[in-house]
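Structure, as structure tokens:
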Amino acid sequence: MFKFDKLVFGDAGWGDEFLIATLMTLLVSILSMGLGLFLAIITVWAKIIQNRITRFIANIYTTVIRGVPELLVIYLIFFGGNAVVMSIAKVFGYNKYIELNALTIATIAIAVISATYSSEVLRASYLAISKGQIEAARALGMNKFSIFFKVISPQVIRHALPGIGNVWQITLKDTSLISVTGLVEIMRQSRISSNVEHSPLTFLITAAILYLCLTTISGRVFKTLEVNYSKGFST
Amino acid sequence: MIEFLNNIQNSLIYKNFFLVLSGLDNTILLLLISLPLGFVLALLFALGRVSKITLLSRTIASYIFVIRGTPLLVQIYLIYFGLGSVKFIRESFLWYALKEPFWCGVIALTINTVAYGAEIFRGGIQSIEKSQVESGQSLGFGKFLLLRKIILPIAIRKVLPSYGNELILMVKATSLVSLTTYMEMTGIARKIMAKTFAPVEAFIAAGILYLFLNFLMVQFVKYLEWKYNPHLRLNN
């Protein structure tokens, strides 16, 4: 039933494969979280400037992506992404076949999903900043650039950190879905190993433990960050 | 105009829409069993979590920790592939349920939503003001009556928005059951994709249906919020 002795490192076991797979999961999570935050900032910006069209587009984006299953978004980007990229390339006069690699597709797909969650968090924490502060900064003669970097972003980061921590956990767990695209991360590795060794229980429990470790450790990291960023604020 | 209608009828999205629609009942069936079951169990688990029996509270806390810390896909695979590979389960009565991808999906979804739901309800129960419980006690309410008349109604009412979020997450989570060969909407869309090589058309049809399902869910939660928060209604 259990073959935990197969988890040794080296050629006899799957230990090193699982280590690489864990690193791959982490890599995809970090890349897509970063790209997702970038997309989220654009989305928030589109929502808070007084422009009906950008707000409408941003609202459609967040509503649709949050309303359909993550798996569907991943399938759509995995199977349809190449066609989109090629048709964009055609506009620029490039007619050859383009194939995106699995890591790129996975990163984009997870980022598109995680950006919708991040954007809600960031928007809420932006709205939590009182208007008086921005007016005060303006009264001091700060330009838009320094208002954003010196007044808005430090406070948004502090307000948003707990929410961003939650989004990170969701993103980390969503990366298990990209195993359907064939990218070898923890989930895919556990399927491969269990097919070879005919012992799904062993390797699936291994995968569960690895995910549990990742979420626990990153939860601790975010706790520390929160404490660091809320220095001087009694909570 | 007629030509335009014919064009629509011949388009792949239109055809796929009805194919995917035939999987809607399978998706809804999953939800119809796992959501009510999950709701009841989540309430019980939340009560166990806040109870003064340390062992019970600790056990439920670790259950919630494990389920919330692992992806749903791992849980579905563990139940479908993992338990199926154990010999004594295959020989026991459990096998009648576990050999069907449908019941594996139901079990996995229920286990998952109970963990999240219990945590939500725990927040609701703990946020009840002490004075309300005390006034109940001073009226001579017993423990059960207190629970039924004061604690649960207030707690459930308070957490309705966040439980609504969980319900929507569950609608989306049903798509993962398609990975265990269960043919619900995502599974059918996937099959159409493999047949026609037209991914966008197949998945957009499924996406529209999921959006519609979630829209209904949002309206349902809004109705519940309106119904159980009479003191918050603006005009009555």
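Each chain in the structure tokens gets a letter, A, B and so on, in the order shown; residues start at 1 in every chain, and ligands are counted from 1 in the order they appear.
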Chain B residues within 10 Å of chain A, counting only C-alpha atoms: which ones, as a short mmCIF file (atom, residue, chain, number, x, y, z; two decimals) with C-alpha atoms, in the first residue's frame?
data_model
loop_
_atom_site.label_atom_id
_atom_site.label_comp_id
_atom_site.auth_asym_id
_atom_site.auth_seq_id
_atom_site.Cartn_x
_atom_site.Cartn_y
_atom_site.Cartn_z
CA PHE B 65 -5.52 23.20 8.90
CA VAL B 66 -4.78 20.21 6.68
CA ILE B 67 -7.71 20.72 4.32
CA ARG B 68 -7.15 24.44 3.92
CA GLY B 69 -3.44 23.93 3.42
CA THR B 70 -3.70 21.51 0.51
CA PRO B 71 -5.21 22.05 -2.95
CA LEU B 72 -8.62 20.56 -3.68
CA LEU B 73 -7.11 18.66 -6.59
CA VAL B 74 -4.89 16.70 -4.20
CA GLN B 75 -7.92 15.83 -2.11
CA TYR B 77 -7.03 12.57 -6.41
CA LEU B 78 -6.38 11.13 -2.96
CA ILE B 79 -9.97 9.94 -2.73
CA TYR B 80 -10.37 8.78 -6.32
CA PHE B 81 -6.95 7.28 -7.09
CA GLY B 82 -5.52 6.95 -3.59
CA LEU B 83 -8.32 5.19 -1.74
CA GLY B 84 -9.15 3.13 -4.82
CA SER B 85 -5.71 1.58 -4.71
CA VAL B 86 -6.12 0.23 -1.17
CA LYS B 87 -7.10 -3.40 -1.21
CA ILE B 168 -19.37 30.47 -5.40
CA LEU B 169 -15.96 28.89 -4.87
CA MET B 170 -17.76 25.56 -4.63
CA VAL B 171 -19.56 26.09 -7.94
CA LYS B 172 -16.16 26.70 -9.48
CA ALA B 173 -14.63 23.76 -7.66
CA THR B 174 -17.02 21.30 -9.29
CA SER B 175 -15.03 21.72 -12.51
CA LEU B 176 -12.14 19.84 -10.91
CA SER B 178 -13.99 16.47 -14.43
CA LEU B 179 -10.38 15.33 -13.93
CA MET B 185 -19.61 20.83 -18.00
CA THR B 186 -15.83 21.19 -18.00
CA GLY B 187 -15.40 17.53 -18.90
CA ALA B 189 -16.05 21.09 -22.99
CA ARG B 190 -12.74 19.29 -22.82
CA MET B 193 -12.11 20.54 -27.64
CA PHE B 197 -9.74 21.39 -32.07
CA ALA B 198 -11.65 24.60 -31.41
CA PRO B 199 -10.69 25.35 -27.80
CA VAL B 200 -12.01 28.89 -27.56
CA GLU B 201 -15.50 28.02 -28.77
CA ALA B 202 -15.82 25.03 -26.46
CA PHE B 203 -14.59 26.73 -23.34
CA ILE B 204 -16.48 29.97 -23.92
CA ALA B 206 -18.84 26.39 -20.70
CA GLY B 207 -17.70 29.72 -19.28
CA ILE B 208 -21.03 31.36 -20.08
CA LEU B 209 -22.88 28.58 -18.28
CA TYR B 210 -20.64 28.82 -15.22
CA LEU B 211 -21.12 32.58 -15.13
CA PHE B 212 -24.86 32.06 -15.28
CA LEU B 213 -24.73 29.50 -12.48
CA ASN B 214 -22.69 31.84 -10.32
CA PHE B 215 -25.04 34.70 -11.12
#
Practice task
May I have all residues of region 8-112 of chain A that DSSP, computed from the backbone, assigns to alpha helix (DSSP H), given as a ChimeraX atom specification?
Solution key: /A:15-48,52-67,70-91,102-112
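For the atom pair formed by CA of Gly36 (chain A) and CA of Arg55 (chain A), the distance is 18.2 Å, given to one decimal.
Using only C-alpha atoms, the protein and nucleic acid residues lying no more than 7 Å from region 221-225 of chain A, apart from those fewer than 4 places from it along its own chain, are Gly165, Ile217 and Tyr229 of chain A.
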Would you put the residues from that selection into a file with C-alpha atoms, as a PDB file, in the first residue's frame?
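Ended up saving to again_32.pdb:
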ATOM      1  CA  GLY A 165      -1.148  36.744   2.031  1.00  0.00           C
ATOM      2  CA  ILE A 217       5.991  28.326   5.843  1.00  0.00           C
ATOM      3  CA  TYR A 229       5.050  46.707   8.219  1.00  0.00           C
TER       4      TYR A 229
END
Handout entry: Polymer residues at most 12 Å from Ile30 (chain A), only C-alpha atoms, same-chain spacing of 2 or more positions, as a list in words
Key =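 In the requested format, the answer is Leu23, Met24, Thr25, Leu26, Leu27, Val28, Ser32, Met33, Gly34, Leu35, Gly36, Leu37, Ala106, Thr107, Ile108, Ile110, Ala111, Ser114, Val167, Trp168, Gln169, Thr171, Leu172, Thr175 and Ser218 of chain A.
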Take the residues just selected and output them with N, CA and C atoms as a short mmCIF file (atom, residue, chain, number, x, y, z; two decimals), in the first residue's frame.
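Resulting contents of selection13.cif:
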data_model
loop_
_atom_site.label_atom_id
_atom_site.label_comp_id
_atom_site.auth_asym_id
_atom_site.auth_seq_id
_atom_site.Cartn_x
_atom_site.Cartn_y
_atom_site.Cartn_z
N LEU A 23 10.36 23.04 -6.22
CA LEU A 23 10.94 24.32 -6.64
C LEU A 23 10.17 24.89 -7.83
N MET A 24 9.71 24.00 -8.73
CA MET A 24 8.95 24.46 -9.89
C MET A 24 7.63 25.08 -9.44
N THR A 25 6.96 24.44 -8.48
CA THR A 25 5.73 25.01 -7.94
C THR A 25 5.98 26.38 -7.36
N LEU A 26 7.07 26.49 -6.59
CA LEU A 26 7.40 27.78 -5.98
C LEU A 26 7.69 28.82 -7.05
N LEU A 27 8.45 28.39 -8.08
CA LEU A 27 8.82 29.33 -9.15
C LEU A 27 7.56 29.86 -9.84
N VAL A 28 6.67 28.92 -10.22
CA VAL A 28 5.45 29.35 -10.90
C VAL A 28 4.62 30.26 -10.00
N SER A 32 3.92 34.06 -11.06
CA SER A 32 2.55 34.46 -11.39
C SER A 32 2.00 35.41 -10.35
N MET A 33 2.47 35.31 -9.12
CA MET A 33 2.04 36.29 -8.11
C MET A 33 2.57 37.67 -8.49
N GLY A 34 3.84 37.73 -8.94
CA GLY A 34 4.41 39.01 -9.33
C GLY A 34 3.69 39.60 -10.52
N LEU A 35 3.54 38.78 -11.56
CA LEU A 35 2.81 39.25 -12.75
C LEU A 35 1.38 39.61 -12.39
N GLY A 36 0.80 38.81 -11.48
CA GLY A 36 -0.58 39.07 -11.06
C GLY A 36 -0.71 40.40 -10.35
N LEU A 37 0.27 40.70 -9.48
CA LEU A 37 0.23 41.99 -8.77
C LEU A 37 0.35 43.14 -9.76
N ALA A 106 1.69 28.55 -18.03
CA ALA A 106 1.23 28.36 -16.66
C ALA A 106 1.28 29.67 -15.89
N THR A 107 2.42 30.38 -16.05
CA THR A 107 2.57 31.64 -15.32
C THR A 107 1.48 32.63 -15.71
N ILE A 108 1.24 32.75 -17.02
CA ILE A 108 0.23 33.71 -17.48
C ILE A 108 -1.14 33.32 -16.95
N ILE A 110 -2.09 31.46 -14.34
CA ILE A 110 -2.28 31.65 -12.90
C ILE A 110 -2.28 33.14 -12.56
N ALA A 111 -1.44 33.90 -13.29
CA ALA A 111 -1.37 35.34 -13.01
C ALA A 111 -2.70 36.01 -13.33
N SER A 114 -4.95 35.14 -10.46
CA SER A 114 -4.60 35.72 -9.16
C SER A 114 -4.72 37.24 -9.19
N VAL A 167 -4.24 35.81 -0.90
CA VAL A 167 -4.16 35.58 -2.35
C VAL A 167 -2.98 34.68 -2.68
N TRP A 168 -1.88 34.87 -1.96
CA TRP A 168 -0.70 34.02 -2.19
C TRP A 168 -1.03 32.56 -1.91
N GLN A 169 -1.76 32.32 -0.81
CA GLN A 169 -2.13 30.93 -0.52
C GLN A 169 -3.00 30.36 -1.63
N THR A 171 -3.08 31.34 -4.75
CA THR A 171 -2.25 31.16 -5.94
C THR A 171 -1.42 29.90 -5.84
N LEU A 172 -0.83 29.70 -4.66
CA LEU A 172 0.00 28.51 -4.44
C LEU A 172 -0.81 27.24 -4.69
N THR A 175 -1.70 26.53 -8.40
CA THR A 175 -0.67 26.00 -9.29
C THR A 175 -0.83 24.50 -9.47
N SER A 218 4.98 29.77 4.15
CA SER A 218 4.73 31.10 3.59
C SER A 218 3.75 31.88 4.46
#
Problem - Residue among A:Glu99, A:Glu17, A:Glu120, A:Glu185 lying closest to Ala40 (chain A), counting only C-alpha atoms - result: A:Glu120
Handout entry: Point-to-point distance in Å for CA of Val133 (chain B) and CA of Arg148 (chain B)
Key =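 Distance between the two atoms: 11.6 Å.
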Handout entry: Pairwise distance for CA of Ser138 (chain B) and CA of His231 (chain B), rounded to one decimal in Å
Key =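 Calculated distance between CA of Ser138 (chain B) and CA of His231 (chain B) is 23.9 Å.
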Practice task
List the neighbours of Ser11 (chain B) out to 12 Å using only C-alpha atoms; skip same-chain residues closer than 5 positions along the sequence, and give me the result as a PyMOL selection string.
Solution key: chain B and resi 4-6+16-18+198+201-202+205
Problem - Exercise: Val177 (chain B) partners within 8 Å, only C-alpha atoms, chain neighbours under 4 positions left out, as number ranges by chain - result: B: 76, 101-102, 105, 173, 181-182, 184
May I have the selected residues written with N, CA and C atoms, as an mmCIF file, in the first residue's frame?
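After the write, result.cif holds the following:
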data_model
loop_
_atom_site.group_PDB
_atom_site.id
_atom_site.type_symbol
_atom_site.label_atom_id
_atom_site.label_comp_id
_atom_site.auth_asym_id
_atom_site.auth_seq_id
_atom_site.Cartn_x
_atom_site.Cartn_y
_atom_site.Cartn_z
ATOM 1 N N ILE B 76 -9.136 15.482 -4.198
ATOM 2 C CA ILE B 76 -9.931 14.672 -5.129
ATOM 3 C C ILE B 76 -9.128 13.461 -5.593
ATOM 4 N N PRO B 101 -16.868 7.983 -9.961
ATOM 5 C CA PRO B 101 -16.256 9.310 -9.851
ATOM 6 C C PRO B 101 -17.205 10.329 -9.241
ATOM 7 N N PHE B 102 -18.501 10.130 -9.456
ATOM 8 C CA PHE B 102 -19.468 11.086 -8.918
ATOM 9 C C PHE B 102 -19.393 11.154 -7.402
ATOM 10 N N GLY B 105 -16.281 12.676 -6.122
ATOM 11 C CA GLY B 105 -16.366 14.130 -6.218
ATOM 12 C C GLY B 105 -17.176 14.707 -5.082
ATOM 13 N N ALA B 173 -15.419 24.950 -7.992
ATOM 14 C CA ALA B 173 -14.629 23.762 -7.656
ATOM 15 C C ALA B 173 -15.182 22.510 -8.327
ATOM 16 N N THR B 181 -12.670 11.832 -14.684
ATOM 17 C CA THR B 181 -13.492 11.269 -15.770
ATOM 18 C C THR B 181 -14.980 11.475 -15.562
ATOM 19 N N TYR B 182 -15.373 12.311 -14.600
ATOM 20 C CA TYR B 182 -16.804 12.586 -14.435
ATOM 21 C C TYR B 182 -17.205 13.627 -15.464
ATOM 22 N N GLU B 184 -19.017 16.373 -16.290
ATOM 23 C CA GLU B 184 -19.847 17.558 -16.097
ATOM 24 C C GLU B 184 -19.402 18.612 -17.118
#
Do a neighbour search on region 112-126 of chain B at 10 Å with only C-alpha atoms, toss out local chain neighbours closer than 3 positions, and write the hits as a compact mmCIF listing (two decimals) with C-alpha atoms, in the first residue's frame.
# COMPACT_ATOMS: atom_id res chain seq x y z
CA SER B 34 -22.39 18.44 -1.33
CA LEU B 35 -23.62 21.95 -0.45
CA LEU B 37 -24.36 18.30 3.51
CA GLY B 38 -21.41 20.65 3.79
CA PHE B 39 -23.54 23.34 5.40
CA VAL B 40 -24.85 21.06 8.16
CA LEU B 41 -21.48 19.45 8.83
CA ALA B 42 -19.73 22.85 8.81
CA LEU B 43 -22.11 24.10 11.50
CA LEU B 44 -21.48 21.03 13.63
CA PHE B 45 -17.72 21.33 13.12
CA ALA B 46 -17.80 25.01 14.01
CA LEU B 47 -19.65 24.22 17.23
CA GLY B 48 -17.07 21.54 17.98
CA ARG B 49 -14.29 24.01 17.21
CA VAL B 50 -15.55 26.56 19.76
CA ILE B 60 -11.19 19.87 14.26
CA ALA B 61 -8.56 22.62 14.18
CA SER B 62 -5.99 20.26 12.70
CA TYR B 63 -8.54 18.91 10.20
CA ILE B 64 -9.25 22.47 9.05
CA PHE B 65 -5.52 23.20 8.90
CA VAL B 66 -4.78 20.21 6.68
CA ILE B 67 -7.71 20.72 4.32
CA ARG B 68 -7.15 24.44 3.92
CA THR B 70 -3.70 21.51 0.51
CA PRO B 71 -5.21 22.05 -2.95
CA LEU B 72 -8.62 20.56 -3.68
CA GLN B 75 -7.92 15.83 -2.11
CA ILE B 76 -9.93 14.67 -5.13
CA VAL B 106 -19.19 14.58 -3.73
CA ILE B 107 -17.04 13.31 -0.85
CA ALA B 108 -14.06 15.48 -1.78
CA LEU B 109 -16.16 18.61 -2.28
CA GLU B 129 -21.85 39.88 21.65
CA LYS B 130 -21.74 38.38 25.09
CA LEU B 147 -28.05 27.76 20.39
CA ILE B 151 -26.42 31.92 18.65
CA LEU B 152 -27.01 30.16 15.34
CA PRO B 153 -29.46 32.64 13.78
CA ILE B 154 -27.22 35.61 14.56
CA ALA B 155 -24.04 33.80 13.54
CA ILE B 156 -25.43 32.55 10.24
CA ARG B 157 -26.88 35.94 9.41
CA LYS B 158 -23.56 37.61 10.09
CA VAL B 159 -21.49 35.30 7.93
CA LEU B 160 -23.89 35.10 4.97
CA SER B 162 -18.55 35.25 3.32
CA TYR B 163 -20.44 31.96 3.15
CA GLU B 166 -17.58 29.98 -0.32
CA LEU B 167 -20.67 28.80 -2.23
CA LEU B 169 -15.96 28.89 -4.87
CA MET B 170 -17.76 25.56 -4.63
CA ALA B 173 -14.63 23.76 -7.66
